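Enquirer: Input file: my_file_30.cif. Contents: mmCIF, C-alpha atoms.
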```cif
data_my_file
loop_
_atom_site.label_atom_id
_atom_site.label_comp_id
_atom_site.auth_asym_id
_atom_site.auth_seq_id
_atom_site.Cartn_x
_atom_site.Cartn_y
_atom_site.Cartn_z
CA MET A 1 -23.02 133.15 -116.86
CA SER A 2 -23.64 134.05 -120.48
CA ALA A 3 -26.77 134.54 -122.51
CA ALA A 4 -27.64 131.64 -124.76
CA VAL A 5 -27.62 132.35 -128.47
CA PRO A 6 -29.68 129.87 -130.51
CA SER A 7 -28.27 128.28 -133.62
CA LEU A 8 -30.24 129.61 -136.56
CA ARG A 9 -30.02 126.65 -138.89
CA ARG A 10 -32.80 127.43 -141.27
CA ILE A 11 -33.51 131.12 -141.69
CA ARG A 12 -34.50 132.43 -145.06
CA LEU A 13 -36.65 135.08 -146.65
CA VAL A 14 -38.92 133.82 -149.42
CA TYR A 15 -38.79 136.45 -152.14
CA PRO A 16 -37.66 135.07 -155.51
CA GLY A 17 -37.72 138.36 -157.39
CA PHE A 18 -36.18 140.65 -154.82
CA ARG A 19 -32.48 139.90 -155.32
CA LYS A 20 -32.72 141.11 -158.91
CA PHE A 21 -34.48 144.25 -157.67
CA THR A 22 -31.77 145.14 -155.15
CA THR A 23 -28.50 143.86 -156.54
CA SER A 24 -27.56 146.82 -158.73
CA ALA A 25 -28.40 149.37 -156.06
CA ASN A 26 -26.40 147.57 -153.40
CA GLN A 27 -23.40 147.05 -155.68
CA SER A 28 -23.34 150.70 -156.74
CA LYS A 29 -23.57 151.96 -153.17
CA GLY A 30 -21.20 149.40 -151.74
CA ASP A 31 -23.19 149.56 -148.51
CA HIS A 32 -22.96 145.82 -147.73
CA ASN A 33 -26.66 145.75 -146.91
CA VAL A 34 -26.48 148.22 -144.02
CA LYS A 35 -29.97 148.87 -142.68
CA PRO A 36 -31.15 152.45 -142.01
CA LEU A 37 -31.55 152.05 -138.23
CA LYS A 38 -28.26 150.26 -137.63
CA GLY A 39 -26.82 151.54 -134.35
CA ILE A 40 -30.19 152.71 -132.99
CA LYS A 41 -31.08 151.10 -129.65
CA VAL A 42 -34.71 150.79 -128.56
CA ILE A 43 -36.05 149.94 -125.10
CA ASP A 44 -39.32 148.11 -125.71
CA MET A 45 -41.52 148.26 -122.60
CA THR A 46 -44.68 147.27 -124.48
CA ARG A 47 -46.81 144.18 -124.57
CA VAL A 48 -49.73 142.70 -126.52
CA LEU A 49 -49.92 144.14 -130.08
CA ALA A 50 -49.71 147.87 -130.91
CA GLY A 51 -46.34 148.46 -129.23
CA PRO A 52 -44.70 145.16 -130.16
CA PHE A 53 -45.82 145.63 -133.78
CA ALA A 54 -44.20 149.10 -133.88
CA THR A 55 -40.92 147.93 -132.34
CA MET A 56 -40.81 144.85 -134.58
CA ILE A 57 -40.85 147.14 -137.63
CA LEU A 58 -38.01 149.17 -136.11
CA GLY A 59 -36.12 145.91 -135.57
CA ASP A 60 -36.70 144.89 -139.18
CA LEU A 61 -35.09 148.20 -140.17
CA GLY A 62 -31.95 147.41 -138.20
CA ALA A 63 -32.57 148.81 -134.72
CA GLU A 64 -31.49 146.79 -131.68
CA ILE A 65 -34.70 146.08 -129.74
CA ILE A 66 -34.36 145.33 -126.02
CA LYS A 67 -37.72 143.97 -124.89
CA VAL A 68 -38.32 144.44 -121.16
CA GLU A 69 -40.58 141.74 -119.72
CA ARG A 70 -41.90 140.67 -116.36
CA PRO A 71 -39.93 137.79 -114.87
CA GLY A 72 -41.78 134.53 -115.28
CA ARG A 73 -44.73 135.01 -117.62
CA GLY A 74 -43.45 137.96 -119.67
CA ASP A 75 -45.61 139.59 -122.34
CA ASP A 76 -49.34 138.83 -121.89
CA THR A 77 -49.59 137.37 -125.40
CA ARG A 78 -47.20 134.54 -124.54
CA ALA A 79 -50.27 132.94 -122.92
CA TRP A 80 -52.75 133.86 -125.67
CA GLY A 81 -53.51 130.47 -127.14
CA PRO A 82 -54.16 127.95 -128.41
CA PRO A 83 -52.53 127.48 -130.79
CA PHE A 84 -49.13 127.11 -129.16
CA VAL A 85 -45.91 126.16 -130.93
CA GLY A 86 -43.86 124.37 -128.32
CA GLU A 87 -44.09 126.62 -125.27
CA GLU A 88 -44.86 129.83 -127.18
CA SER A 89 -48.20 131.12 -128.45
CA ALA A 90 -48.48 131.66 -132.18
CA TYR A 91 -49.81 135.14 -131.32
CA PHE A 92 -46.60 136.18 -129.54
CA LEU A 93 -44.43 134.72 -132.28
CA SER A 94 -46.19 136.87 -134.90
CA VAL A 95 -44.95 140.27 -133.70
CA ASN A 96 -41.71 139.80 -131.76
CA ARG A 97 -38.94 138.80 -134.18
CA ASN A 98 -35.63 140.67 -134.14
CA LYS A 99 -35.77 141.41 -130.40
CA LYS A 100 -33.75 140.64 -127.30
CA SER A 101 -35.64 139.91 -124.07
CA ILE A 102 -34.56 140.95 -120.59
CA ALA A 103 -36.64 139.97 -117.56
CA VAL A 104 -36.62 142.77 -114.98
CA ASN A 105 -38.67 143.27 -111.81
CA LEU A 106 -39.59 146.95 -112.13
CA LYS A 107 -41.11 146.98 -108.63
CA ASP A 108 -37.59 146.54 -107.29
CA PRO A 109 -35.83 149.95 -107.30
CA ARG A 110 -32.74 148.26 -108.67
CA GLY A 111 -34.81 146.98 -111.58
CA ALA A 112 -36.11 150.46 -112.30
CA ARG A 113 -32.53 151.75 -112.14
CA ILE A 114 -31.57 149.31 -114.91
CA ILE A 115 -34.14 150.98 -117.17
CA THR A 116 -32.82 154.42 -116.25
CA GLU A 117 -29.30 153.32 -117.14
CA LEU A 118 -30.52 151.86 -120.42
CA ALA A 119 -32.28 155.13 -121.24
CA LYS A 120 -28.95 156.94 -121.03
CA VAL A 121 -27.37 154.72 -123.69
CA CYS A 122 -30.41 154.04 -125.90
CA ASP A 123 -32.13 156.21 -128.48
CA VAL A 124 -35.80 155.29 -128.09
CA LEU A 125 -38.08 154.03 -125.34
CA VAL A 126 -41.54 152.71 -126.22
CA GLU A 127 -44.07 151.95 -123.48
CA ASN A 128 -47.76 151.17 -123.23
CA TYR A 129 -48.46 151.44 -119.53
CA LEU A 130 -51.57 153.19 -118.25
CA PRO A 131 -50.76 156.94 -118.22
CA GLY A 132 -48.92 157.73 -115.02
CA GLY A 133 -48.02 154.08 -114.37
CA LEU A 134 -44.30 154.48 -114.99
CA LYS A 135 -44.21 157.73 -113.00
CA LYS A 136 -44.62 155.65 -109.85
CA MET A 137 -41.37 153.87 -110.70
CA GLY A 138 -39.48 157.03 -111.65
CA LEU A 139 -39.54 156.05 -115.32
CA SER A 140 -41.78 158.69 -116.90
CA TYR A 141 -40.52 160.94 -119.67
CA GLU A 142 -40.14 163.78 -117.18
CA ASP A 143 -38.05 161.52 -114.94
CA LEU A 144 -35.73 160.28 -117.69
CA ALA A 145 -35.36 163.35 -119.93
CA PRO A 146 -32.92 165.29 -117.67
CA ALA A 147 -30.49 162.36 -117.62
CA ALA A 148 -31.20 161.29 -121.21
CA PRO A 149 -32.02 164.47 -123.16
CA ARG A 150 -31.63 162.73 -126.55
CA LEU A 151 -34.12 159.98 -125.66
CA ILE A 152 -37.24 159.67 -127.84
CA TYR A 153 -39.95 158.44 -125.50
CA CYS A 154 -43.06 157.03 -127.18
CA SER A 155 -46.12 156.36 -125.04
CA ILE A 156 -48.89 154.18 -126.47
CA SER A 157 -52.21 154.18 -124.63
CA GLY A 158 -55.91 153.69 -125.20
CA TYR A 159 -57.03 157.31 -125.21
CA GLY A 160 -54.00 159.57 -124.84
CA GLN A 161 -51.83 160.82 -121.99
CA THR A 162 -54.33 163.46 -120.88
CA GLY A 163 -58.07 164.06 -121.06
CA PRO A 164 -61.26 162.76 -119.43
CA HIS A 165 -60.76 159.13 -120.54
CA SER A 166 -56.99 158.93 -120.34
CA LEU A 167 -56.91 156.64 -117.30
CA ARG A 168 -59.21 154.06 -118.83
CA PRO A 169 -57.49 150.83 -119.93
CA GLY A 170 -57.33 150.58 -123.70
CA TYR A 171 -57.88 147.45 -125.77
CA ASP A 172 -58.38 147.19 -129.50
CA SER A 173 -61.99 146.03 -129.32
CA ILE A 174 -62.96 148.88 -126.99
CA ALA A 175 -61.19 151.53 -129.07
CA SER A 176 -62.70 150.01 -132.22
CA ALA A 177 -66.14 150.47 -130.67
CA VAL A 178 -65.62 153.96 -129.25
CA SER A 179 -63.99 155.26 -132.44
CA GLY A 180 -66.89 154.25 -134.67
CA MET A 181 -65.01 151.47 -136.45
CA MET A 182 -67.45 148.80 -135.28
CA HIS A 183 -70.39 151.04 -136.16
CA ILE A 184 -69.44 150.90 -139.82
CA THR A 185 -68.36 147.24 -139.86
CA GLY A 186 -70.80 144.40 -140.39
CA PRO A 187 -73.60 143.29 -142.71
CA GLU A 188 -76.06 145.83 -144.01
CA GLY A 189 -78.98 145.91 -141.61
CA GLY A 190 -77.12 143.66 -139.18
CA GLU A 191 -75.28 144.14 -135.91
CA PRO A 192 -71.83 145.73 -135.50
CA VAL A 193 -68.91 143.37 -136.07
CA ARG A 194 -65.38 143.37 -134.71
CA PRO A 195 -62.84 143.34 -137.60
CA GLY A 196 -61.18 139.95 -137.95
CA VAL A 197 -57.74 141.42 -137.13
CA ALA A 198 -57.05 144.04 -134.45
CA MET A 199 -56.79 146.84 -137.00
CA THR A 200 -56.93 149.62 -134.38
CA ASP A 201 -53.89 148.18 -132.60
CA LEU A 202 -52.06 147.68 -135.87
CA ALA A 203 -52.85 151.19 -137.12
CA THR A 204 -51.55 152.59 -133.83
CA GLY A 205 -48.37 150.57 -134.20
CA LEU A 206 -47.87 151.95 -137.69
CA PHE A 207 -48.51 155.53 -136.52
CA ALA A 208 -46.09 155.04 -133.61
CA HIS A 209 -43.39 153.59 -135.87
CA GLY A 210 -43.72 156.53 -138.26
CA ALA A 211 -43.67 159.04 -135.42
CA ILE A 212 -40.52 157.51 -133.97
CA MET A 213 -38.82 157.69 -137.36
CA ALA A 214 -39.84 161.36 -137.66
CA ALA A 215 -38.56 162.09 -134.14
CA LEU A 216 -35.21 160.52 -135.00
CA LEU A 217 -34.96 162.85 -138.00
CA HIS A 218 -36.02 165.78 -135.83
CA ARG A 219 -33.33 164.91 -133.31
CA GLY A 220 -30.83 165.03 -136.15
CA HIS A 221 -31.75 168.70 -136.60
CA ASN A 222 -31.87 169.89 -132.99
CA GLY A 223 -30.07 167.18 -131.01
CA ARG A 224 -32.99 166.69 -128.62
CA GLY A 225 -35.39 163.88 -127.90
CA GLN A 226 -39.10 164.32 -127.25
CA HIS A 227 -42.25 162.66 -125.94
CA ILE A 228 -44.62 161.05 -128.45
CA ASP A 229 -48.28 160.48 -127.48
CA ALA A 230 -49.77 157.68 -129.64
CA ASN A 231 -53.12 156.16 -128.75
CA LEU A 232 -55.71 153.76 -130.12
CA LEU A 233 -58.62 156.20 -130.17
CA SER A 234 -56.81 158.91 -132.14
CA SER A 235 -55.34 156.37 -134.55
CA GLN A 236 -58.68 154.84 -135.45
CA VAL A 237 -60.54 158.15 -135.68
CA ALA A 238 -57.80 159.41 -138.03
CA CYS A 239 -58.35 156.30 -140.15
CA LEU A 240 -62.06 157.03 -140.63
CA THR A 241 -61.01 159.24 -143.57
CA HIS A 242 -63.97 159.75 -145.96
CA ILE A 243 -66.47 158.40 -143.41
CA ALA A 244 -65.42 161.18 -141.06
CA SER A 245 -65.41 163.74 -143.87
CA ASN A 246 -68.94 162.73 -144.88
CA TYR A 247 -70.14 163.56 -141.40
CA LEU A 248 -67.99 166.61 -140.66
CA ASN A 249 -68.77 168.31 -143.96
CA ALA A 250 -72.19 166.99 -144.96
CA GLN A 251 -73.59 165.78 -141.61
CA LYS A 252 -74.09 162.35 -143.16
CA GLU A 253 -74.18 159.59 -140.55
CA ALA A 254 -72.51 156.34 -141.57
CA LYS A 255 -74.06 152.87 -141.67
CA ARG A 256 -72.90 149.31 -142.19
CA TRP A 257 -72.62 148.10 -145.76
CA GLY A 258 -71.16 144.61 -145.45
CA THR A 259 -68.71 144.23 -148.35
CA ALA A 260 -70.40 147.01 -150.33
CA HIS A 261 -69.38 150.65 -150.80
CA GLU A 262 -71.93 153.35 -150.11
CA SER A 263 -70.72 155.63 -152.92
CA ILE A 264 -69.71 153.20 -155.70
CA VAL A 265 -71.81 150.52 -157.45
CA PRO A 266 -70.90 147.77 -158.15
CA TYR A 267 -68.12 147.63 -155.56
CA GLN A 268 -68.65 144.62 -153.29
CA GLY A 269 -68.54 140.88 -152.81
CA PHE A 270 -70.84 138.58 -154.77
CA LYS A 271 -71.64 134.93 -154.12
CA THR A 272 -70.50 132.63 -156.91
CA ARG A 273 -71.41 129.00 -157.44
CA ASP A 274 -68.65 127.87 -155.04
CA GLY A 275 -67.43 130.92 -153.13
CA PHE A 276 -67.26 134.70 -153.26
CA LEU A 277 -65.82 137.24 -155.68
CA VAL A 278 -65.27 140.95 -155.09
CA VAL A 279 -65.95 143.16 -158.12
CA ALA A 280 -64.86 146.80 -157.93
CA ALA A 281 -66.01 148.97 -160.83
CA GLY A 282 -64.59 152.35 -159.88
CA ASN A 283 -65.59 154.18 -163.07
CA ASP A 284 -68.13 153.99 -165.89
CA GLN A 285 -65.85 152.17 -168.33
CA GLN A 286 -65.11 149.48 -165.79
CA PHE A 287 -68.85 149.02 -165.24
CA PHE A 288 -69.43 148.64 -168.96
CA ASN A 289 -66.63 146.03 -169.04
CA VAL A 290 -68.30 144.16 -166.18
CA CYS A 291 -71.47 143.98 -168.24
CA LYS A 292 -69.53 142.61 -171.23
CA VAL A 293 -67.80 139.93 -169.18
CA LEU A 294 -71.09 138.87 -167.61
CA GLY A 295 -72.85 138.81 -170.96
CA LEU A 296 -75.27 141.49 -169.81
CA ASP A 297 -74.64 143.93 -172.69
CA ALA A 298 -78.18 145.31 -172.46
CA LEU A 299 -77.25 147.02 -169.19
CA ILE A 300 -74.66 149.15 -170.99
CA ASP A 301 -77.36 151.10 -172.83
CA GLU A 302 -79.73 151.26 -169.87
CA PRO A 303 -80.15 155.02 -169.09
CA LYS A 304 -80.41 154.52 -165.31
CA TYR A 305 -76.99 152.84 -165.19
CA GLN A 306 -75.01 155.28 -167.33
CA THR A 307 -73.18 156.98 -164.46
CA ASN A 308 -72.06 155.91 -161.01
CA THR A 309 -74.43 158.40 -159.40
CA LEU A 310 -77.34 156.77 -161.22
CA ARG A 311 -76.12 153.29 -160.34
CA VAL A 312 -76.00 154.24 -156.68
CA GLN A 313 -79.59 155.51 -156.92
CA HIS A 314 -80.72 152.25 -158.53
CA ARG A 315 -78.43 150.05 -156.44
CA GLN A 316 -80.88 147.31 -155.42
CA GLU A 317 -82.24 146.54 -158.88
CA LEU A 318 -78.78 146.47 -160.48
CA LEU A 319 -77.21 144.34 -157.77
CA LYS A 320 -80.02 141.80 -158.02
CA THR A 321 -79.27 141.32 -161.73
CA LEU A 322 -75.50 141.11 -161.22
CA SER A 323 -75.84 138.74 -158.25
CA GLN A 324 -78.01 136.34 -160.19
CA ARG A 325 -75.53 136.15 -163.06
CA LEU A 326 -72.44 135.80 -160.88
CA SER A 327 -74.00 132.93 -158.91
CA GLU A 328 -74.20 130.81 -162.06
CA GLU A 329 -70.47 130.06 -162.38
CA SER A 330 -67.54 129.30 -160.08
CA THR A 331 -65.11 131.84 -158.69
CA GLY A 332 -62.29 130.37 -160.76
CA GLU A 333 -64.31 130.59 -163.96
CA TRP A 334 -65.15 134.22 -163.31
CA LEU A 335 -61.53 135.06 -162.58
CA GLU A 336 -60.55 133.65 -165.95
CA ARG A 337 -63.30 135.62 -167.71
CA PHE A 338 -62.30 138.89 -166.02
CA GLU A 339 -58.58 138.45 -166.73
CA GLY A 340 -57.43 141.28 -169.00
CA SER A 341 -60.77 143.11 -168.81
CA GLY A 342 -59.40 146.03 -166.82
CA VAL A 343 -61.91 145.37 -164.02
CA PRO A 344 -60.44 144.93 -160.52
CA VAL A 345 -61.68 141.59 -159.18
CA GLY A 346 -60.49 139.13 -156.57
CA PRO A 347 -61.64 136.08 -154.66
CA ILE A 348 -62.43 136.20 -150.95
CA ASN A 349 -59.67 133.83 -149.90
CA SER A 350 -59.38 131.65 -146.84
CA ILE A 351 -56.10 132.05 -144.95
CA GLN A 352 -54.91 128.79 -146.50
CA GLN A 353 -55.62 130.21 -149.94
CA VAL A 354 -53.83 133.45 -149.04
CA PHE A 355 -50.55 131.67 -148.41
CA SER A 356 -50.96 129.59 -151.55
CA ASP A 357 -51.46 132.70 -153.68
CA PRO A 358 -48.59 133.05 -156.20
CA GLN A 359 -48.30 136.81 -155.67
CA VAL A 360 -48.14 136.44 -151.88
CA ARG A 361 -45.37 133.89 -152.32
CA HIS A 362 -43.56 136.06 -154.87
CA ASN A 363 -43.70 139.10 -152.56
CA GLY A 364 -41.81 137.22 -149.85
CA LEU A 365 -44.48 137.62 -147.21
CA VAL A 366 -43.39 134.61 -145.20
CA GLN A 367 -40.29 134.58 -143.01
CA GLU A 368 -39.08 131.28 -141.66
CA MET A 369 -36.70 130.87 -138.75
CA ASP A 370 -35.66 128.45 -136.01
CA HIS A 371 -36.95 129.29 -132.53
CA PRO A 372 -34.84 128.05 -129.59
CA THR A 373 -37.76 126.14 -128.01
CA ALA A 374 -40.54 126.06 -130.62
CA GLY A 375 -38.34 124.86 -133.48
CA PRO A 376 -39.07 125.91 -137.08
CA ILE A 377 -41.64 128.72 -137.24
CA ALA A 378 -43.01 131.00 -139.95
CA VAL A 379 -44.51 134.47 -139.57
CA PRO A 380 -45.68 137.24 -141.93
CA GLY A 381 -42.65 139.20 -143.06
CA PRO A 382 -42.18 142.93 -143.77
CA ALA A 383 -44.72 144.44 -146.16
CA VAL A 384 -42.38 146.99 -147.77
CA ARG A 385 -39.23 146.42 -149.80
CA PHE A 386 -36.26 148.75 -150.29
CA SER A 387 -33.76 148.91 -153.13
CA GLY A 388 -30.90 149.88 -150.82
CA PHE A 389 -30.96 146.84 -148.53
CA GLU A 390 -32.58 143.47 -148.08
CA PHE A 391 -34.43 141.95 -145.15
CA ASP A 392 -32.44 138.88 -144.26
CA ARG A 393 -31.58 136.68 -141.30
CA PRO A 394 -34.25 137.74 -138.80
CA SER A 395 -33.64 136.56 -135.26
CA PRO A 396 -36.49 134.51 -133.81
CA PRO A 397 -38.80 135.91 -131.13
CA PRO A 398 -37.01 135.57 -127.78
CA THR A 399 -37.92 133.50 -124.76
CA VAL A 400 -38.56 135.44 -121.53
CA GLY A 401 -35.27 136.84 -120.26
CA GLN A 402 -33.22 135.08 -122.91
CA HIS A 403 -30.82 138.03 -123.23
CA THR A 404 -30.81 139.48 -119.70
CA VAL A 405 -27.18 138.72 -118.94
CA GLU A 406 -26.03 139.71 -122.42
CA VAL A 407 -27.64 143.15 -122.17
CA LEU A 408 -26.46 143.80 -118.60
CA ARG A 409 -22.90 142.82 -119.49
CA ASN A 410 -22.51 144.17 -123.02
CA THR A 411 -24.82 147.18 -123.07
CA LEU A 412 -24.53 148.42 -119.48
CA GLY A 413 -21.10 147.06 -118.56
CA TYR A 414 -22.18 145.22 -115.41
CA SER A 415 -19.61 142.92 -113.86
CA ASP A 416 -20.27 139.21 -113.46
CA GLN A 417 -20.47 139.74 -109.70
CA GLU A 418 -23.12 142.47 -110.05
CA ILE A 419 -25.13 140.34 -112.48
CA GLN A 420 -24.94 137.31 -110.20
CA GLN A 421 -26.24 139.37 -107.27
CA LEU A 422 -29.19 140.71 -109.30
CA LEU A 423 -30.04 137.17 -110.40
CA GLN A 424 -29.78 135.87 -106.86
CA ASP A 425 -32.06 138.63 -105.55
CA LYS A 426 -34.56 137.99 -108.39
CA THR A 427 -34.29 141.58 -109.55
CA VAL A 428 -33.66 140.08 -112.99
CA GLU A 429 -34.02 136.62 -114.49
CA GLN A 430 -32.05 134.80 -117.19
CA GLN A 431 -33.73 132.13 -119.28
CA GLN A 432 -31.78 128.91 -119.42
CA LEU A 433 -32.07 127.13 -122.78
#
```
Just give me the structure of the file as C-alpha cells.

Expert:
Amino acid sequence: MSAAVPSLRRIRLVYPGFRKFTTSANQSKGDHNVKPLKGIKVIDMTRVLAGPFATMILGDLGAEIIKVERPGRGDDTRAWGPPFVGEESAYFLSVNRNKKSIAVNLKDPRGARIITELAKVCDVLVENYLPGGLKKMGLSYEDLAPAAPRLIYCSISGYGQTGPHSLRPGYDSIASAVSGMMHITGPEGGEPVRPGVAMTDLATGLFAHGAIMAALLHRGHNGRGQHIDANLLSSQVACLTHIASNYLNAQKEAKRWGTAHESIVPYQGFKTRDGFLVVAAGNDQQFFNVCKVLGLDALIDEPKYQTNTLRVQHRQELLKTLSQRLSEESTGEWLERFEGSGVPVGPINSIQQVFSDPQVRHNGLVQEMDHPTAGPIAVPGPAVRFSGFEFDRPSPPPTVGQHTVEVLRNTLGYSDQEIQQLLQDKTVEQQQL
C-alpha cells in the first residue's frame, strides 16, 4: 500500500512584482531557491489554530511538517463549519498547507511508540495538549529528551506548563478575556468585544514560530535541544505593550475606545456618506494637512488645537467638527482628496474589498492550489517575502491520514508487513483517495 499523492494541476503564487525582486539575488547565490528550513523535520501534534499556524509558517520556510491526527475525525477544526469546501472546512484549510498527515491512535502503546521513533529522527515537536497530557503516554519532553537529545520540544497551552491555572483548558476567547484584550476592545462606553479574528491564538503561533527558530540556532551552538513553553496568556499580555506600560508605570487603567486612540487625536474611524474612513494624524503637521483637505483651515490657527496634547484635551469638540465634515462626501471622494497629502488614511474594507485591493493583489497574499477532495482552493499566503528564495508550489492541506503509510515507510523504515499489521489493528489509518 502506498500513500496517495494528489496531482497539483493548478498551483501558483499571485505576486506579480516578486520575481523581479528575487531574481538577481537567486542568480548570484546559485541556491536554486533552497528554503532556510530545508531538511528540518517537524512533528506537529497540535490542533485548532495557534499550533497549526506556527507549524504552517515553518512549512512555508521549507520544513517537512508531519501532522499527527486522531484516526477518523482528525483536527477539531475539520468540523468547524460551515462553510465547507467539499468535505473540508474552510477554517482547517486556512492554516494547514505544506503538511503531511498521519493518523495515529496514541492510546495504543504502539501508536505512542511511533511518535517516540519519529522524535529520534525529527528536529522539532510541537504540541498543544493540556499540560501533563502527553506524560500519560510517555511522550513528554522529559520522556523523549534522553532518546532524542537534539529535539526541540515546543509546548503550547492556555496558561503555561506550571502555575495555579496551568491545568485549565485554554481557548482564544478565554485568554483574550483574562489577558485584558477584551477589556480594551469595543465601542467607547459599550461592552467588551471579542476581536473578529483569534488574535491571541495567532500571536501565540507567531511567538512559538520565532522561539522554535531561535532554538534551532541555539542548537547550532551547543548541539542540544530544549523545551519551549508558549502559552496564550503570556502572548497576549506581552502584546498589551503601551497599554500595559500605562498601567505599570503611571497606574492608568485602560478603557475601550472603539476605533479611536486614547493618546492621539484625530486617530480613528469616521463615518462618510457611504462607509467609513480611518484618519490617523500622528503629528501636528499631519493634523494641519487634514484641516486643509477638509477645507477647515480655520482650525489650523485655533489655539486649543495647536498640539496633540491640546487636541486630546479638547477631543469631543474637535471630533464633532471633523465628523460632520467627513460625513458629507463618500469614502472614495475623500480618498482622492487625501492622496498625496501626507496624511495616513484608509477605508474600512469588507473582506470582499480586501481581496479586490490592488496592493493586496500585488503583495501576493493569495495562494491557490488543488486539494485532493475539495478541488481548487485559495488561502491567505505568507506575509513576509525574502530576496534569497521564493514561496512556490505549496502542497494543499492534507486529508486525515493521507500520508500515514508514506511516513511509516520512508521516514521510519517500516516494512510493508509491519505497516499492514498496524493498519489492520487500527493503530494507524491511511486515507484512501

Enquirer: I'd like the residues picked by the PyMOL selection byres ((chain A and resi 203-208) around 6) written out as a ChimeraX atom specification, using the chain letters and numbers from the file.

Expert: /A:50-51,53-54,199-202,209-211,232,235

Enquirer: Nearest residue to A:Arg219 out of A:Lys41, A:Asp123, A:Glu142, A:Lys252, using all atoms listed in the file?

Expert: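 That would be A:Asp123, the residue with the smallest distance to A:Arg219.
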
Enquirer: So that I can see what lies close to stretch 76-92 of chain A, please list as a PyMOL selection string the residues with an atom at most 7 Å from it, counting all atoms listed in the file and leaving out residues fewer than 6 positions away in the same chain.

Expert: chain A and resi 47-48+373-374

Enquirer: Mind writing the picked residues with C-alpha atoms as a PDB file, keeping the file's coordinate frame?

Expert:
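Saved result, again04.pdb, follows:
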```pdb
ATOM      1  CA  ARG A  47     -46.810 144.180-124.570  1.00  0.00           C
ATOM      2  CA  VAL A  48     -49.730 142.700-126.520  1.00  0.00           C
ATOM      3  CA  THR A 373     -37.760 126.140-128.010  1.00  0.00           C
ATOM      4  CA  ALA A 374     -40.540 126.060-130.620  1.00  0.00           C
TER       5      ALA A 374
END
```

Enquirer: I need every residue sitting at most 8 Å from the point (-36.4, 149.3, -126.0) (coordinates as in the file, all atoms listed in the file considered), written as a ChimeraX atom specification.

Expert: /A:41-45,55,64-68,122,124-126

Enquirer: Pull C-alpha atoms from the residues just selected and write them as a short mmCIF file (atom, residue, chain, number, x, y, z; two decimals), in the coordinates of the input.

Expert:
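As written to disk, result-v2.cif reads:
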```cif
data_model
loop_
_atom_site.label_atom_id
_atom_site.label_comp_id
_atom_site.auth_asym_id
_atom_site.auth_seq_id
_atom_site.Cartn_x
_atom_site.Cartn_y
_atom_site.Cartn_z
CA LYS A 41 -31.08 151.10 -129.65
CA VAL A 42 -34.71 150.79 -128.56
CA ILE A 43 -36.05 149.94 -125.10
CA ASP A 44 -39.32 148.11 -125.71
CA MET A 45 -41.52 148.26 -122.60
CA THR A 55 -40.92 147.93 -132.34
CA GLU A 64 -31.49 146.79 -131.68
CA ILE A 65 -34.70 146.08 -129.74
CA ILE A 66 -34.36 145.33 -126.02
CA LYS A 67 -37.72 143.97 -124.89
CA VAL A 68 -38.32 144.44 -121.16
CA CYS A 122 -30.41 154.04 -125.90
CA VAL A 124 -35.80 155.29 -128.09
CA LEU A 125 -38.08 154.03 -125.34
CA VAL A 126 -41.54 152.71 -126.22
#
```

Enquirer: How many Å separate atom CA of A:Gly282 from atom CA of A:Arg385?

Expert: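 Going from atom CA of A:Gly282 over to atom CA of A:Arg385, I get 27.9 Å.
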
Enquirer: What is the distance, in Å and to one decimal place, between atom CA of A:Ser323 and atom CA of A:Val265?

Expert: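 Computed distance, atom CA of A:Ser323 to atom CA of A:Val265, equals 12.5 Å.
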
Enquirer: Nearest to A:Leu240 among A:Thr399, A:Ser179, A:Gln226, A:Gln268, with distances taken over all atoms listed in the file: which residue is it?

Expert: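 Selected residue with least distance to A:Leu240: A:Ser179.
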
Enquirer: Tell me, in Å to one decimal, how far atom CA of A:Val345 is from atom CA of A:Val278.

Expert: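 Separating atom CA of A:Val345 from atom CA of A:Val278 is a distance of 5.5 Å.
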
Enquirer: Once the PyMOL selection byres ((chain A and resi 286-298) around 12) has been evaluated on this model, what residues remain selected, and can you format them as a VMD selection string?

Expert: chain A and resid 264 to 267 278 to 285 299 to 308 311 318 to 319 321 to 329 333 to 345

Enquirer: Can you write just those residues out, C-alpha atoms, as a short mmCIF file (atom, residue, chain, number, x, y, z; two decimals), keeping the file's coordinate frame?

Expert:
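The resulting file, selection.cif, is reproduced below:
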```
data_model
loop_
_atom_site.label_atom_id
_atom_site.label_comp_id
_atom_site.auth_asym_id
_atom_site.auth_seq_id
_atom_site.Cartn_x
_atom_site.Cartn_y
_atom_site.Cartn_z
CA ILE A 264 -69.71 153.20 -155.70
CA VAL A 265 -71.81 150.52 -157.45
CA PRO A 266 -70.90 147.77 -158.15
CA TYR A 267 -68.12 147.63 -155.56
CA VAL A 278 -65.27 140.95 -155.09
CA VAL A 279 -65.95 143.16 -158.12
CA ALA A 280 -64.86 146.80 -157.93
CA ALA A 281 -66.01 148.97 -160.83
CA GLY A 282 -64.59 152.35 -159.88
CA ASN A 283 -65.59 154.18 -163.07
CA ASP A 284 -68.13 153.99 -165.89
CA GLN A 285 -65.85 152.17 -168.33
CA LEU A 299 -77.25 147.02 -169.19
CA ILE A 300 -74.66 149.15 -170.99
CA ASP A 301 -77.36 151.10 -172.83
CA GLU A 302 -79.73 151.26 -169.87
CA PRO A 303 -80.15 155.02 -169.09
CA LYS A 304 -80.41 154.52 -165.31
CA TYR A 305 -76.99 152.84 -165.19
CA GLN A 306 -75.01 155.28 -167.33
CA THR A 307 -73.18 156.98 -164.46
CA ASN A 308 -72.06 155.91 -161.01
CA ARG A 311 -76.12 153.29 -160.34
CA LEU A 318 -78.78 146.47 -160.48
CA LEU A 319 -77.21 144.34 -157.77
CA THR A 321 -79.27 141.32 -161.73
CA LEU A 322 -75.50 141.11 -161.22
CA SER A 323 -75.84 138.74 -158.25
CA GLN A 324 -78.01 136.34 -160.19
CA ARG A 325 -75.53 136.15 -163.06
CA LEU A 326 -72.44 135.80 -160.88
CA SER A 327 -74.00 132.93 -158.91
CA GLU A 328 -74.20 130.81 -162.06
CA GLU A 329 -70.47 130.06 -162.38
CA GLU A 333 -64.31 130.59 -163.96
CA TRP A 334 -65.15 134.22 -163.31
CA LEU A 335 -61.53 135.06 -162.58
CA GLU A 336 -60.55 133.65 -165.95
CA ARG A 337 -63.30 135.62 -167.71
CA PHE A 338 -62.30 138.89 -166.02
CA GLU A 339 -58.58 138.45 -166.73
CA GLY A 340 -57.43 141.28 -169.00
CA SER A 341 -60.77 143.11 -168.81
CA GLY A 342 -59.40 146.03 -166.82
CA VAL A 343 -61.91 145.37 -164.02
CA PRO A 344 -60.44 144.93 -160.52
CA VAL A 345 -61.68 141.59 -159.18
#
```
